[in-house]
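A.B. asks: Below is the file my_file_31.cif, with mmCIF, C-alpha atoms and all ligand atoms.
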```cif
data_final
#
loop_
_atom_site.label_atom_id
_atom_site.label_comp_id
_atom_site.auth_asym_id
_atom_site.auth_seq_id
_atom_site.Cartn_x
_atom_site.Cartn_y
_atom_site.Cartn_z
CA MET A 7 206.84 72.47 29.73
CA ALA A 8 209.93 73.07 31.82
CA TYR A 9 208.72 76.25 33.45
CA ARG A 10 205.57 77.69 34.96
CA LYS A 11 204.48 81.20 34.07
CA PHE A 12 202.12 83.25 36.22
CA ARG A 13 200.35 86.46 35.37
CA ALA A 14 197.83 88.21 37.65
CA ASP A 15 196.19 91.62 38.05
CA ARG A 16 199.23 92.68 40.04
CA LEU A 17 202.61 91.15 40.81
CA PHE A 18 204.23 92.03 44.15
CA THR A 19 207.94 91.22 43.95
CA GLY A 20 208.64 91.46 47.69
CA ARG A 21 209.65 95.06 47.22
CA GLU A 22 207.32 96.67 44.63
CA LEU A 23 203.89 96.19 43.12
CA LEU A 24 203.96 95.71 39.37
CA GLY A 25 200.97 95.68 37.04
CA ASN A 26 199.53 92.89 34.87
CA ASP A 27 202.09 93.58 32.14
CA HIS A 28 204.67 91.39 33.95
CA VAL A 29 204.96 87.62 34.13
CA LEU A 30 206.58 85.57 36.88
CA ILE A 31 208.52 82.58 35.54
CA THR A 32 209.52 79.74 37.88
CA GLU A 33 210.94 76.28 37.65
CA LYS A 34 208.45 73.51 38.33
CA ASP A 35 209.54 73.23 41.96
CA GLY A 36 208.89 76.95 42.56
CA ARG A 37 212.44 78.24 42.22
CA ILE A 38 212.30 81.71 40.70
CA LYS A 39 213.73 82.14 37.23
CA SER A 40 212.75 85.67 36.30
CA ILE A 41 210.13 88.37 35.98
CA VAL A 42 209.68 89.48 32.36
CA ALA A 43 207.46 91.82 30.37
CA ILE A 44 204.41 90.14 28.86
CA ALA A 45 205.78 90.62 25.33
CA GLU A 46 208.79 88.42 26.17
CA ALA A 47 206.95 85.75 28.14
CA GLY A 48 205.92 83.48 25.26
CA SER A 49 203.00 81.05 25.59
CA ASP A 50 201.50 78.80 28.28
CA ILE A 51 200.94 81.60 30.75
CA GLU A 52 198.64 80.83 33.70
CA GLU A 53 196.23 83.78 33.88
CA LEU A 54 195.06 84.57 37.42
CA ARG A 55 192.81 87.09 39.16
CA GLY A 56 194.32 88.83 42.19
CA ILE A 57 197.78 89.73 43.49
CA LEU A 58 200.76 87.37 43.30
CA THR A 59 203.15 87.63 46.27
CA PRO A 60 206.08 85.70 47.72
CA GLY A 61 205.26 83.34 50.62
CA PHE A 62 204.40 85.03 53.92
CA ILE A 63 206.70 85.23 56.95
CA ASN A 64 205.17 84.84 60.41
CA CYS A 65 207.68 86.38 62.82
CA HIS A 66 205.88 85.45 66.04
CA CYS A 67 203.98 82.28 66.84
CA HIS A 68 203.70 79.73 69.65
CA LEU A 69 202.95 76.47 67.87
CA GLU A 70 203.06 74.61 71.20
CA LEU A 71 199.93 76.48 72.41
CA SER A 72 197.78 75.45 69.44
CA HIS A 73 195.65 73.14 71.59
CA MET A 74 194.45 76.18 73.57
CA LYS A 75 192.39 77.56 70.69
CA GLY A 76 189.20 79.17 71.99
CA MET A 77 189.95 78.33 75.64
CA ILE A 78 190.63 81.86 76.84
CA PRO A 79 187.90 84.49 76.60
CA THR A 80 188.68 87.72 74.72
CA ALA A 81 189.51 91.10 76.33
CA THR A 82 190.69 89.73 79.69
CA GLY A 83 193.78 91.96 79.65
CA LEU A 84 197.31 90.59 79.63
CA ILE A 85 197.64 89.66 83.32
CA ASP A 86 194.63 87.35 83.32
CA PHE A 87 195.59 86.01 79.91
CA VAL A 88 199.04 85.00 81.20
CA LEU A 89 197.51 83.44 84.33
CA LYS A 90 195.12 81.37 82.23
CA VAL A 91 197.87 80.17 79.85
CA VAL A 92 200.17 79.02 82.65
CA THR A 93 197.40 77.28 84.60
CA GLN A 94 195.55 75.69 81.68
CA ARG A 95 198.25 74.73 79.18
CA ASP A 96 198.78 71.13 80.34
CA PHE A 97 197.06 68.57 78.12
CA PRO A 98 197.73 64.99 77.03
CA GLN A 99 200.75 64.92 74.67
CA GLU A 100 198.75 63.33 71.87
CA GLU A 101 196.22 66.18 71.87
CA ILE A 102 199.01 68.78 71.90
CA PHE A 103 200.71 67.06 68.97
CA LEU A 104 197.56 66.76 66.85
CA ALA A 105 196.71 70.43 67.47
CA MET A 106 200.19 71.45 66.30
CA VAL A 107 199.93 69.41 63.11
CA SER A 108 196.58 70.98 62.36
CA ALA A 109 197.98 74.47 63.11
CA GLU A 110 200.87 73.76 60.76
CA ASN A 111 198.40 72.73 58.05
CA GLU A 112 196.61 76.03 58.62
CA LEU A 113 199.88 78.01 58.30
CA LEU A 114 200.70 76.21 55.06
CA MET A 115 197.23 76.75 53.62
CA ASN A 116 197.48 80.42 54.52
CA GLY A 117 200.65 80.77 52.45
CA VAL A 118 203.12 81.03 55.34
CA VAL A 119 206.59 79.66 54.52
CA ALA A 120 208.65 80.61 57.59
CA VAL A 121 207.88 81.08 61.27
CA GLY A 122 209.62 82.66 64.25
CA ASP A 123 208.34 80.26 66.90
CA ILE A 124 208.51 80.53 70.67
CA CYS A 125 209.37 77.31 72.51
CA ASN A 126 209.00 76.67 76.24
CA ASN A 127 209.54 72.94 75.91
CA THR A 128 210.38 70.37 73.26
CA ASP A 129 206.74 69.55 72.37
CA SER A 130 206.88 71.09 68.91
CA ILE A 131 209.98 69.20 67.68
CA ALA A 132 207.89 66.22 66.59
CA ALA A 133 205.88 68.40 64.19
CA LYS A 134 208.76 70.60 63.07
CA LYS A 135 211.22 67.89 62.14
CA ASN A 136 209.03 66.98 59.16
CA GLY A 137 210.47 70.13 57.59
CA ARG A 138 207.23 71.43 56.10
CA LEU A 139 208.04 75.00 57.12
CA TYR A 140 211.18 76.96 57.98
CA TYR A 141 211.27 77.60 61.75
CA HIS A 142 213.47 79.88 63.76
CA ASN A 143 213.06 78.32 67.19
CA PHE A 144 213.33 80.82 70.02
CA ILE A 145 213.88 78.95 73.27
CA GLU A 146 212.02 81.19 75.68
CA VAL A 147 213.53 81.80 79.10
CA SER A 148 211.81 83.29 82.13
CA GLY A 149 212.51 83.67 85.86
CA TRP A 150 211.96 86.92 87.75
CA ASN A 151 213.50 85.83 91.04
CA PRO A 152 217.32 86.13 90.72
CA ALA A 153 217.74 83.19 93.11
CA ILE A 154 216.34 80.75 90.51
CA ALA A 155 218.41 82.04 87.57
CA ASP A 156 220.66 78.96 87.50
CA ILE A 157 217.79 76.46 87.65
CA ARG A 158 215.78 78.24 84.98
CA PHE A 159 218.76 78.63 82.69
CA GLU A 160 219.74 74.96 82.96
CA LYS A 161 216.21 73.87 82.14
CA SER A 162 216.03 76.10 79.04
CA LYS A 163 219.54 75.06 78.03
CA SER A 164 218.44 71.42 78.03
CA PHE A 165 215.62 72.32 75.60
CA TYR A 166 218.06 74.35 73.51
CA ASP A 167 220.44 71.37 73.33
CA GLU A 168 217.62 69.08 72.26
CA TYR A 169 216.69 71.39 69.35
CA ALA A 170 220.36 71.76 68.42
CA LYS A 171 220.68 67.96 68.27
CA VAL A 172 217.55 67.40 66.16
CA PHE A 173 218.42 70.14 63.66
CA GLU A 174 222.17 69.53 63.69
CA GLY A 175 223.82 70.60 60.44
CA LYS A 176 220.73 72.53 59.33
CA LEU A 177 220.97 75.52 61.67
CA ASN A 178 221.63 79.22 61.04
CA ALA A 179 223.77 78.36 58.01
CA SER A 180 222.83 81.24 55.71
CA SER A 181 221.45 80.21 52.33
CA HIS A 182 220.99 76.53 53.08
CA SER A 183 219.71 76.62 56.63
CA GLU A 184 216.49 74.77 57.29
CA ALA A 185 215.97 76.12 60.78
CA GLY A 186 217.26 78.74 63.20
CA LEU A 187 217.89 78.54 66.93
CA SER A 188 218.31 81.18 69.63
CA MET A 189 217.48 81.76 73.25
CA ALA A 190 215.02 84.57 73.95
CA PRO A 191 213.98 86.37 77.13
CA HIS A 192 210.19 86.08 77.61
CA ALA A 193 209.49 89.71 78.63
CA PRO A 194 211.08 92.55 80.61
CA TYR A 195 208.83 91.73 83.61
CA SER A 196 209.77 88.05 83.77
CA VAL A 197 213.58 87.87 83.44
CA SER A 198 216.04 88.84 86.20
CA ASP A 199 219.35 90.53 85.34
CA GLU A 200 221.19 87.41 86.50
CA LEU A 201 219.21 85.17 84.15
CA TRP A 202 219.47 87.68 81.32
CA GLU A 203 223.26 87.55 81.51
CA LYS A 204 223.23 83.77 81.13
CA ILE A 205 221.16 83.74 77.96
CA GLN A 206 222.99 86.51 76.11
CA PRO A 207 225.68 84.17 74.71
CA TYR A 208 222.89 82.13 73.09
CA TYR A 209 221.25 84.88 71.05
CA ASN A 210 223.21 83.57 68.04
CA GLY A 211 222.80 86.89 66.27
CA LEU A 212 219.02 87.08 66.63
CA THR A 213 216.66 87.21 69.57
CA THR A 214 213.12 88.28 70.35
CA ILE A 215 211.09 89.51 73.32
CA HIS A 216 207.47 90.29 74.13
CA ASN A 217 207.55 94.08 74.43
CA GLN A 218 205.06 96.53 75.96
CA GLU A 219 202.07 94.32 75.36
CA SER A 220 200.22 96.06 78.19
CA ALA A 221 200.32 99.53 79.76
CA GLN A 222 200.93 97.93 83.17
CA GLU A 223 204.34 96.69 82.02
CA ASN A 224 205.52 100.30 81.72
CA GLU A 225 203.88 101.15 85.04
CA LEU A 226 205.88 98.44 86.79
CA PHE A 227 209.21 99.77 85.56
CA GLU A 228 208.32 103.44 85.87
CA ASN A 229 207.03 103.39 89.44
CA GLY A 230 207.04 99.82 90.74
CA ARG A 231 203.27 99.68 90.99
CA GLY A 232 200.27 98.27 89.20
CA GLU A 233 198.72 95.02 88.03
CA PHE A 234 202.00 93.11 87.72
CA LEU A 235 202.26 93.05 91.51
CA ARG A 236 198.96 91.13 91.45
CA LEU A 237 200.44 88.67 88.93
CA TYR A 238 203.56 88.13 91.08
CA ASN A 239 201.36 87.67 94.11
CA LEU A 240 199.01 85.15 92.52
CA MET A 241 201.88 83.18 90.98
CA LYS A 242 203.88 83.41 94.24
CA ILE A 243 206.77 85.09 92.42
CA GLU A 244 209.36 86.75 94.64
CA ASN A 245 209.54 90.48 93.78
CA THR A 246 211.17 92.07 96.83
CA GLY A 247 214.48 92.76 95.07
CA PHE A 248 212.98 94.72 92.19
CA VAL A 249 213.77 98.43 92.07
CA SER A 250 211.88 100.61 89.60
CA THR A 251 214.03 102.18 86.90
CA HIS A 252 211.81 105.28 86.36
CA LYS A 253 211.96 104.45 82.66
CA SER A 254 209.61 102.55 80.36
CA SER A 255 210.07 98.77 80.21
CA LEU A 256 211.67 98.98 76.75
CA GLN A 257 214.16 101.63 77.83
CA SER A 258 214.93 99.56 80.92
CA CYS A 259 215.84 96.42 78.97
CA LEU A 260 217.10 97.50 75.54
CA SER A 261 220.81 97.41 76.42
CA LYS A 262 220.44 93.77 77.54
CA LEU A 263 219.33 92.89 74.01
CA SER A 264 222.18 94.67 72.27
CA PRO A 265 224.57 91.66 72.09
CA ALA A 266 222.22 90.39 69.36
CA LYS A 267 222.77 91.62 65.81
CA ARG A 268 219.01 91.68 65.25
CA VAL A 269 216.14 91.89 67.71
CA ILE A 270 212.45 91.32 67.05
CA LEU A 271 210.35 93.30 69.54
CA VAL A 272 206.91 91.71 69.64
CA HIS A 273 203.54 93.49 70.16
CA ASN A 274 204.75 97.05 70.97
CA THR A 275 201.18 98.01 71.75
CA PHE A 276 202.23 100.63 74.31
CA THR A 277 205.49 101.84 72.76
CA SER A 278 205.79 105.65 72.79
CA GLN A 279 207.49 108.24 70.63
CA ASN A 280 209.98 108.74 73.47
CA ASP A 281 210.78 104.99 73.33
CA LEU A 282 211.42 105.15 69.59
CA GLU A 283 213.70 108.17 69.97
CA TYR A 284 215.57 106.24 72.66
CA CYS A 285 215.89 103.19 70.37
CA ILE A 286 217.25 105.29 67.53
CA ASN A 287 219.79 107.02 69.76
CA SER A 288 221.01 104.02 71.66
CA PHE A 289 220.61 100.77 69.75
CA HIS A 290 223.47 99.80 67.43
CA GLY A 291 224.00 103.46 66.46
CA SER A 292 223.28 104.24 62.83
CA ASP A 293 222.60 100.57 62.17
CA HIS A 294 219.47 100.51 64.34
CA GLN A 295 217.22 100.32 61.32
CA HIS A 296 218.70 97.00 60.29
CA ALA A 297 218.88 95.76 63.85
CA LEU A 298 215.47 96.40 65.40
CA PHE A 299 212.28 94.90 64.05
CA PHE A 300 208.86 95.78 65.40
CA CYS A 301 206.61 92.75 65.08
CA LEU A 302 202.91 93.59 65.16
CA CYS A 303 200.28 91.00 66.05
CA PRO A 304 197.14 93.14 65.81
CA ASN A 305 194.57 90.34 66.00
CA ALA A 306 196.15 89.05 69.23
CA ASN A 307 196.19 92.60 70.64
CA LEU A 308 192.49 92.92 69.86
CA TYR A 309 191.88 89.48 71.39
CA ILE A 310 193.74 90.06 74.66
CA GLU A 311 193.61 93.80 75.33
CA ASN A 312 191.23 95.16 72.69
CA GLU A 313 193.97 97.61 71.71
CA LEU A 314 196.06 98.23 68.59
CA PRO A 315 199.72 99.30 68.35
CA PRO A 316 200.57 102.88 67.26
CA VAL A 317 201.30 101.89 63.66
CA GLU A 318 201.53 105.44 62.29
CA LEU A 319 204.17 106.25 64.90
CA PHE A 320 206.37 103.34 63.76
CA ARG A 321 205.95 104.46 60.16
CA LYS A 322 206.86 108.04 61.05
CA PHE A 323 210.16 106.80 62.54
CA ASN A 324 210.83 104.50 59.57
CA CYS A 325 210.83 101.46 61.83
CA ASN A 326 211.15 98.00 60.36
CA ILE A 327 207.67 96.55 60.75
CA VAL A 328 207.03 92.81 60.49
CA LEU A 329 203.97 90.71 61.31
CA GLY A 330 203.13 87.78 63.56
CA THR A 331 200.04 85.82 64.50
CA ASP A 332 200.92 85.01 68.12
CA SER A 333 199.35 81.70 69.18
CA LEU A 334 195.94 80.11 68.73
CA ALA A 335 195.41 80.83 72.45
CA SER A 336 195.08 84.52 71.51
CA ASN A 337 194.00 84.44 67.87
CA HIS A 338 191.15 82.91 65.90
CA GLN A 339 193.50 81.82 63.11
CA LEU A 340 197.15 81.68 62.05
CA SER A 341 197.11 83.89 58.97
CA ILE A 342 199.50 86.69 58.11
CA LEU A 343 197.01 87.95 55.52
CA LYS A 344 194.38 88.35 58.28
CA GLU A 345 196.88 90.42 60.32
CA ALA A 346 197.52 92.59 57.25
CA GLN A 347 193.77 92.95 56.63
CA THR A 348 193.22 94.11 60.22
CA LEU A 349 195.94 96.76 59.89
CA SER A 350 194.62 97.82 56.50
CA LYS A 351 191.12 98.21 57.93
CA HIS A 352 192.17 100.26 60.97
CA PHE A 353 194.93 102.25 59.24
CA PRO A 354 193.62 102.77 55.70
CA ASN A 355 196.40 105.23 54.81
CA ILE A 356 199.12 102.60 54.73
CA PRO A 357 199.98 101.84 51.08
CA LEU A 358 199.32 98.24 50.03
CA GLU A 359 202.90 97.88 48.78
CA GLU A 360 204.21 98.69 52.26
CA ILE A 361 201.91 96.23 54.06
CA LEU A 362 202.91 93.49 51.62
CA GLN A 363 206.58 94.19 52.39
CA TRP A 364 205.80 93.61 56.09
CA CYS A 365 204.26 90.23 55.15
CA THR A 366 207.24 89.12 53.05
CA SER A 367 210.69 90.74 52.58
CA ARG A 368 210.80 92.54 55.94
CA GLY A 369 209.89 89.37 57.79
CA ALA A 370 212.58 87.44 55.91
CA ALA A 371 215.15 90.11 56.83
CA ALA A 372 214.12 89.89 60.49
CA LEU A 373 214.61 86.11 60.58
CA GLY A 374 217.83 86.40 58.56
CA ILE A 375 216.52 84.26 55.68
CA SER A 376 216.41 86.79 52.82
CA GLU A 377 218.67 84.57 50.74
CA GLN A 378 215.88 82.02 50.51
CA PHE A 379 212.60 83.81 51.21
CA GLY A 380 210.71 87.09 51.01
CA SER A 381 211.07 88.11 47.36
CA PHE A 382 210.85 86.91 43.78
CA SER A 383 214.58 87.12 43.01
CA ALA A 384 216.18 84.60 40.67
CA GLY A 385 217.37 81.45 42.43
CA LYS A 386 215.21 81.82 45.55
CA LYS A 387 212.40 79.46 46.44
CA PRO A 388 210.19 81.82 48.44
CA GLY A 389 206.78 80.19 47.92
CA ILE A 390 204.14 81.78 45.69
CA ASN A 391 200.79 83.07 46.97
CA LEU A 392 197.82 84.50 45.14
CA ILE A 393 195.69 86.96 47.12
CA GLU A 394 192.22 86.50 45.68
CA SER A 395 188.94 88.39 46.06
CA THR A 396 190.74 91.62 46.83
CA PHE A 397 190.87 95.12 45.41
CA VAL A 398 194.11 95.69 43.54
CA ASP A 399 195.03 98.81 45.55
CA HIS A 400 194.01 97.70 49.06
CA LEU A 401 193.11 94.49 50.86
CA SER A 402 189.40 93.81 50.95
CA GLU A 403 187.79 92.16 53.98
CA ASN A 404 187.03 89.13 51.78
CA ALA A 405 190.60 88.68 50.56
CA ARG A 406 191.95 85.17 50.92
CA VAL A 407 195.16 83.33 50.08
CA ARG A 408 195.61 80.60 47.50
CA LYS A 409 198.98 78.88 47.79
CA MET A 410 200.24 78.38 44.23
CA LEU A 411 203.61 76.72 44.98
ZN ZN A 501 203.63 85.68 72.12
#
```
What do you get writing this file as structure tokens?

C.D. replies:
Amino acid sequence: MAYRKFRADRLFTGRELLGNDHVLITEKDGRIKSIVAIAEAGSDIEELRGILTPGFINCHCHLELSHMKGMIPTATGLIDFVLKVVTQRDFPQEEIFLAMVSAENELLMNGVVAVGDICNNTDSIAAKKNGRLYYHNFIEVSGWNPAIADIRFEKSKSFYDEYAKVFEGKLNASSHSEAGLSMAPHAPYSVSDELWEKIQPYYNGLTTIHNQESAQENELFENGRGEFLRLYNLMKIENTGFVSTHKSSLQSCLSKLSPAKRVILVHNTFTSQNDLEYCINSFHGSDHQHALFFCLCPNANLYIENELPPVELFRKFNCNIVLGTDSLASNHQLSILKEAQTLSKHFPNIPLEEILQWCTSRGAAALGISEQFGSFSAGKKPGINLIESTFVDHLSENARVRKML
């Protein structure tokens, strides 16, 4: 048999949910051939229970923090979470490597095919160069004190160069790329204007930033007060030059992201309607809907802050929503389905078709890999998942992924 044929209770194409009267036909290696009506599909059809979907896209992860699983208690709030990560992340290299390989196994088992991954060092190269998943590597840059902008930039640039060398010839090359590479500012509260200017030429069309993960981030920019002053103090970070902008953190930094064609804003837990109106009016004009992606990591938000992002607000403004797991330091697992289940549970009005788009085609558009991933279009090799033990019109709490190809 040259082809494989799959039929399930429902078939999600990446865009729409079809019924069990359609059959997905692929080559043996998983390359999509077509979707046909059952009457035209012939014999040797694999009959399955559940929902077939393209492979999942995880737009925000930190593979290099996988060894920190379970180390940080839940509900500490962002400030204490950040303090714990920076003071406790150092471990023997061997342990860090083994944790990353096991995290990668978990991503694969959970049907993830591509990852937007934050890198603060070169630790994860050893795991990634095996090519088991597509990675867009975001070299994360931080430095709040303008006086250290040069030092911080040079350090990040050396990591960037190392990734560029390892993945040479495989980077950002449309339909055949095997990895992506960009520099990314860590967060509005951790990057000085001077440093920001240095990294802009290295967005390479796509960047990402942790955005409004806590209410205190807005407080800092709006009135120069709050918990972030405690963070600066404890970490001995120079803050005397900072002048409050009297705007939210997102409105204070959005223009510095605009040299990128696409931006993935991550978390957005405390993004307001006013922020979204500002985004629509000022970011890439009428193209803002193809340029700005709002990556939600609900299980990490529950872990760190015990909060959830205003999902209905993003839907009301037709925002591009995508999903991420964040790291194992702030999540119990690396599963895009689990993120979708959490959203489905807390926001039961969201149609299943829409949530599945966030897991697949939207994520692929955000990472710029729609030519390979995110939908069952002929010629693509997007990975094939079966969501089992679920209702066919919404995700049950017991739903789980079986990776078919
Ligand atoms: Zn993160």

A.B. asks: Hey, could you make a per-residue contact list for chain A against ligand ZN 501 (chain A) with 12 Å as the cut-off, showing the nearest pair of atoms and its distance in Å to one decimal, counting all atoms listed in the file, sorted by chain and number, as JSON lines?

C.D. replies:
```
{"residue": "A:Asn64", "atom": "CA", "partner": "A:ZN501", "partner_atom": "ZN", "distance": 11.8}
{"residue": "A:Cys65", "atom": "CA", "partner": "A:ZN501", "partner_atom": "ZN", "distance": 10.2}
{"residue": "A:His66", "atom": "CA", "partner": "A:ZN501", "partner_atom": "ZN", "distance": 6.5}
{"residue": "A:Cys67", "atom": "CA", "partner": "A:ZN501", "partner_atom": "ZN", "distance": 6.3}
{"residue": "A:His68", "atom": "CA", "partner": "A:ZN501", "partner_atom": "ZN", "distance": 6.4}
{"residue": "A:Leu69", "atom": "CA", "partner": "A:ZN501", "partner_atom": "ZN", "distance": 10.2}
{"residue": "A:Glu70", "atom": "CA", "partner": "A:ZN501", "partner_atom": "ZN", "distance": 11.1}
{"residue": "A:Leu71", "atom": "CA", "partner": "A:ZN501", "partner_atom": "ZN", "distance": 9.9}
{"residue": "A:Leu84", "atom": "CA", "partner": "A:ZN501", "partner_atom": "ZN", "distance": 11.0}
{"residue": "A:Phe87", "atom": "CA", "partner": "A:ZN501", "partner_atom": "ZN", "distance": 11.2}
{"residue": "A:Val88", "atom": "CA", "partner": "A:ZN501", "partner_atom": "ZN", "distance": 10.2}
{"residue": "A:Val91", "atom": "CA", "partner": "A:ZN501", "partner_atom": "ZN", "distance": 11.1}
{"residue": "A:Gly122", "atom": "CA", "partner": "A:ZN501", "partner_atom": "ZN", "distance": 10.3}
{"residue": "A:Asp123", "atom": "CA", "partner": "A:ZN501", "partner_atom": "ZN", "distance": 8.9}
{"residue": "A:Ile124", "atom": "CA", "partner": "A:ZN501", "partner_atom": "ZN", "distance": 7.2}
{"residue": "A:Cys125", "atom": "CA", "partner": "A:ZN501", "partner_atom": "ZN", "distance": 10.2}
{"residue": "A:Asn126", "atom": "CA", "partner": "A:ZN501", "partner_atom": "ZN", "distance": 11.3}
{"residue": "A:Phe144", "atom": "CA", "partner": "A:ZN501", "partner_atom": "ZN", "distance": 11.1}
{"residue": "A:Glu146", "atom": "CA", "partner": "A:ZN501", "partner_atom": "ZN", "distance": 10.2}
{"residue": "A:Ala190", "atom": "CA", "partner": "A:ZN501", "partner_atom": "ZN", "distance": 11.6}
{"residue": "A:Pro191", "atom": "CA", "partner": "A:ZN501", "partner_atom": "ZN", "distance": 11.5}
{"residue": "A:His192", "atom": "CA", "partner": "A:ZN501", "partner_atom": "ZN", "distance": 8.6}
{"residue": "A:Ala193", "atom": "CA", "partner": "A:ZN501", "partner_atom": "ZN", "distance": 9.6}
{"residue": "A:Thr214", "atom": "CA", "partner": "A:ZN501", "partner_atom": "ZN", "distance": 10.0}
{"residue": "A:Ile215", "atom": "CA", "partner": "A:ZN501", "partner_atom": "ZN", "distance": 8.5}
{"residue": "A:His216", "atom": "CA", "partner": "A:ZN501", "partner_atom": "ZN", "distance": 6.3}
{"residue": "A:Asn217", "atom": "CA", "partner": "A:ZN501", "partner_atom": "ZN", "distance": 9.6}
{"residue": "A:Gln218", "atom": "CA", "partner": "A:ZN501", "partner_atom": "ZN", "distance": 11.6}
{"residue": "A:Glu219", "atom": "CA", "partner": "A:ZN501", "partner_atom": "ZN", "distance": 9.4}
{"residue": "A:Ile270", "atom": "CA", "partner": "A:ZN501", "partner_atom": "ZN", "distance": 11.6}
{"residue": "A:Leu271", "atom": "CA", "partner": "A:ZN501", "partner_atom": "ZN", "distance": 10.5}
{"residue": "A:Val272", "atom": "CA", "partner": "A:ZN501", "partner_atom": "ZN", "distance": 7.3}
{"residue": "A:His273", "atom": "CA", "partner": "A:ZN501", "partner_atom": "ZN", "distance": 8.1}
{"residue": "A:Asn274", "atom": "CA", "partner": "A:ZN501", "partner_atom": "ZN", "distance": 11.5}
{"residue": "A:Cys301", "atom": "CA", "partner": "A:ZN501", "partner_atom": "ZN", "distance": 10.4}
{"residue": "A:Leu302", "atom": "CA", "partner": "A:ZN501", "partner_atom": "ZN", "distance": 10.6}
{"residue": "A:Cys303", "atom": "CA", "partner": "A:ZN501", "partner_atom": "ZN", "distance": 8.7}
{"residue": "A:Pro304", "atom": "CA", "partner": "A:ZN501", "partner_atom": "ZN", "distance": 11.7}
{"residue": "A:Asn305", "atom": "CA", "partner": "A:ZN501", "partner_atom": "ZN", "distance": 11.9}
{"residue": "A:Ala306", "atom": "CA", "partner": "A:ZN501", "partner_atom": "ZN", "distance": 8.7}
{"residue": "A:Asn307", "atom": "CA", "partner": "A:ZN501", "partner_atom": "ZN", "distance": 10.3}
{"residue": "A:Ile310", "atom": "CA", "partner": "A:ZN501", "partner_atom": "ZN", "distance": 11.1}
{"residue": "A:Leu329", "atom": "CA", "partner": "A:ZN501", "partner_atom": "ZN", "distance": 11.9}
{"residue": "A:Gly330", "atom": "CA", "partner": "A:ZN501", "partner_atom": "ZN", "distance": 8.8}
{"residue": "A:Thr331", "atom": "CA", "partner": "A:ZN501", "partner_atom": "ZN", "distance": 8.4}
{"residue": "A:Asp332", "atom": "CA", "partner": "A:ZN501", "partner_atom": "ZN", "distance": 4.9}
{"residue": "A:Ser333", "atom": "CA", "partner": "A:ZN501", "partner_atom": "ZN", "distance": 6.5}
{"residue": "A:Leu334", "atom": "CA", "partner": "A:ZN501", "partner_atom": "ZN", "distance": 10.1}
{"residue": "A:Ala335", "atom": "CA", "partner": "A:ZN501", "partner_atom": "ZN", "distance": 9.5}
{"residue": "A:Ser336", "atom": "CA", "partner": "A:ZN501", "partner_atom": "ZN", "distance": 8.6}
{"residue": "A:Asn337", "atom": "CA", "partner": "A:ZN501", "partner_atom": "ZN", "distance": 10.6}
```

A.B. asks: What gap, in Å, lies between atom CA of Glu244 of chain A and atom CA of Gly149 of chain A?

C.D. replies: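 It comes out at 9.8 Å.
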
A.B. asks: Leaving out segment 278-284 of chain A and any residue of its chain fewer than 2 positions from it, which residues lie within 7 Å of it when counting only C-alpha atoms, given as a list of chain:residue names?

C.D. replies: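 Skipping anything fewer than 2 positions along the chain leaves A:Leu256, A:Gln257, A:Phe276, A:Ile286, A:Asn287, A:Ser288, A:Leu319.
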
A.B. asks: So, counting only C-alpha atoms, which residue among A:Val172, A:Leu237, A:Leu392, A:Ala155 is closest to Glu203 of chain A?

C.D. replies: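 When distances to Glu203 of chain A are compared using only C-alpha atoms, the smallest one comes from A:Ala155.
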
A.B. asks: What separation in Å, quoted to one decimal, exists between atom CA of Glu377 of chain A and atom CA of Glu174 of chain A?

C.D. replies: 20.2 Å

A.B. asks: Determine, counting only C-alpha atoms, which protein, DNA and RNA residues have an atom within 7 Å of an atom of Asn326 of chain A; residues of the same chain fewer than 2 positions away are not included. Present the result as an MDAnalysis selection string.

C.D. replies: chainID A and resid 295 298:300 324 328

A.B. asks: Hey, can you check how far atom CA of Ala185 of chain A sits from atom CA of Gln378 of chain A?

C.D. replies: 11.8 Å

A.B. asks: Which is closest to Ser162 of chain A among A:Thr213, A:Thr128, A:Gln339, A:Asn136, if we use all atoms listed in the file?

C.D. replies: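 Nearest candidate to Ser162 of chain A out of A:Thr213, A:Thr128, A:Gln339, A:Asn136: A:Thr128.
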
A.B. asks: For Arg236 of chain A, which residue out of A:Ser164, A:Gln222, A:Ser250, A:Glu360 is the nearest one, using all atoms listed in the file?

C.D. replies: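 For Arg236 of chain A, the nearest of the candidates is A:Gln222.
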
A.B. asks: Write out as a PyMOL selection string the residues lying within 9 Å of Glu200 of chain A, counting all atoms listed in the file and excluding same-chain residues fewer than 6 positions away.

C.D. replies: chain A and resi 152-153+155-156

A.B. asks: Which neighbours of Trp364 of chain A fall inside 12 Å, counting only C-alpha atoms, when residues of the same chain fewer than 4 positions from it are skipped, and could you give them as a ChimeraX atom specification?

C.D. replies: /A:20-22,59-65,299-303,321,325-330,342-343,345-346,349-350,356-360,368-372,380-381

A.B. asks: I'd like to know which of A:Lys75, A:Lys322, A:Lys386, A:Arg408 is closest to Leu54 of chain A, using only C-alpha atoms.

C.D. replies: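 Of A:Lys75, A:Lys322, A:Lys386, A:Arg408, the one nearest Leu54 of chain A, counting only C-alpha atoms, is A:Arg408.
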
A.B. asks: Within 12 Å of Glu100 of chain A, counting all atoms listed in the file, which residues show up once you throw out same-chain ones fewer than 2 positions away? Write them as a compact mmCIF listing (two decimals) with C-alpha atoms, in the coordinates of the input, please.

C.D. replies:
```
# COMPACT_ATOMS: atom_id res chain seq x y z
CA HIS A 73 195.65 73.14 71.59
CA ASP A 96 198.78 71.13 80.34
CA PHE A 97 197.06 68.57 78.12
CA PRO A 98 197.73 64.99 77.03
CA ILE A 102 199.01 68.78 71.90
CA PHE A 103 200.71 67.06 68.97
CA LEU A 104 197.56 66.76 66.85
CA ALA A 105 196.71 70.43 67.47
CA MET A 106 200.19 71.45 66.30
CA VAL A 107 199.93 69.41 63.11
CA ASP A 129 206.74 69.55 72.37
CA SER A 130 206.88 71.09 68.91
CA ALA A 132 207.89 66.22 66.59
CA ALA A 133 205.88 68.40 64.19
```
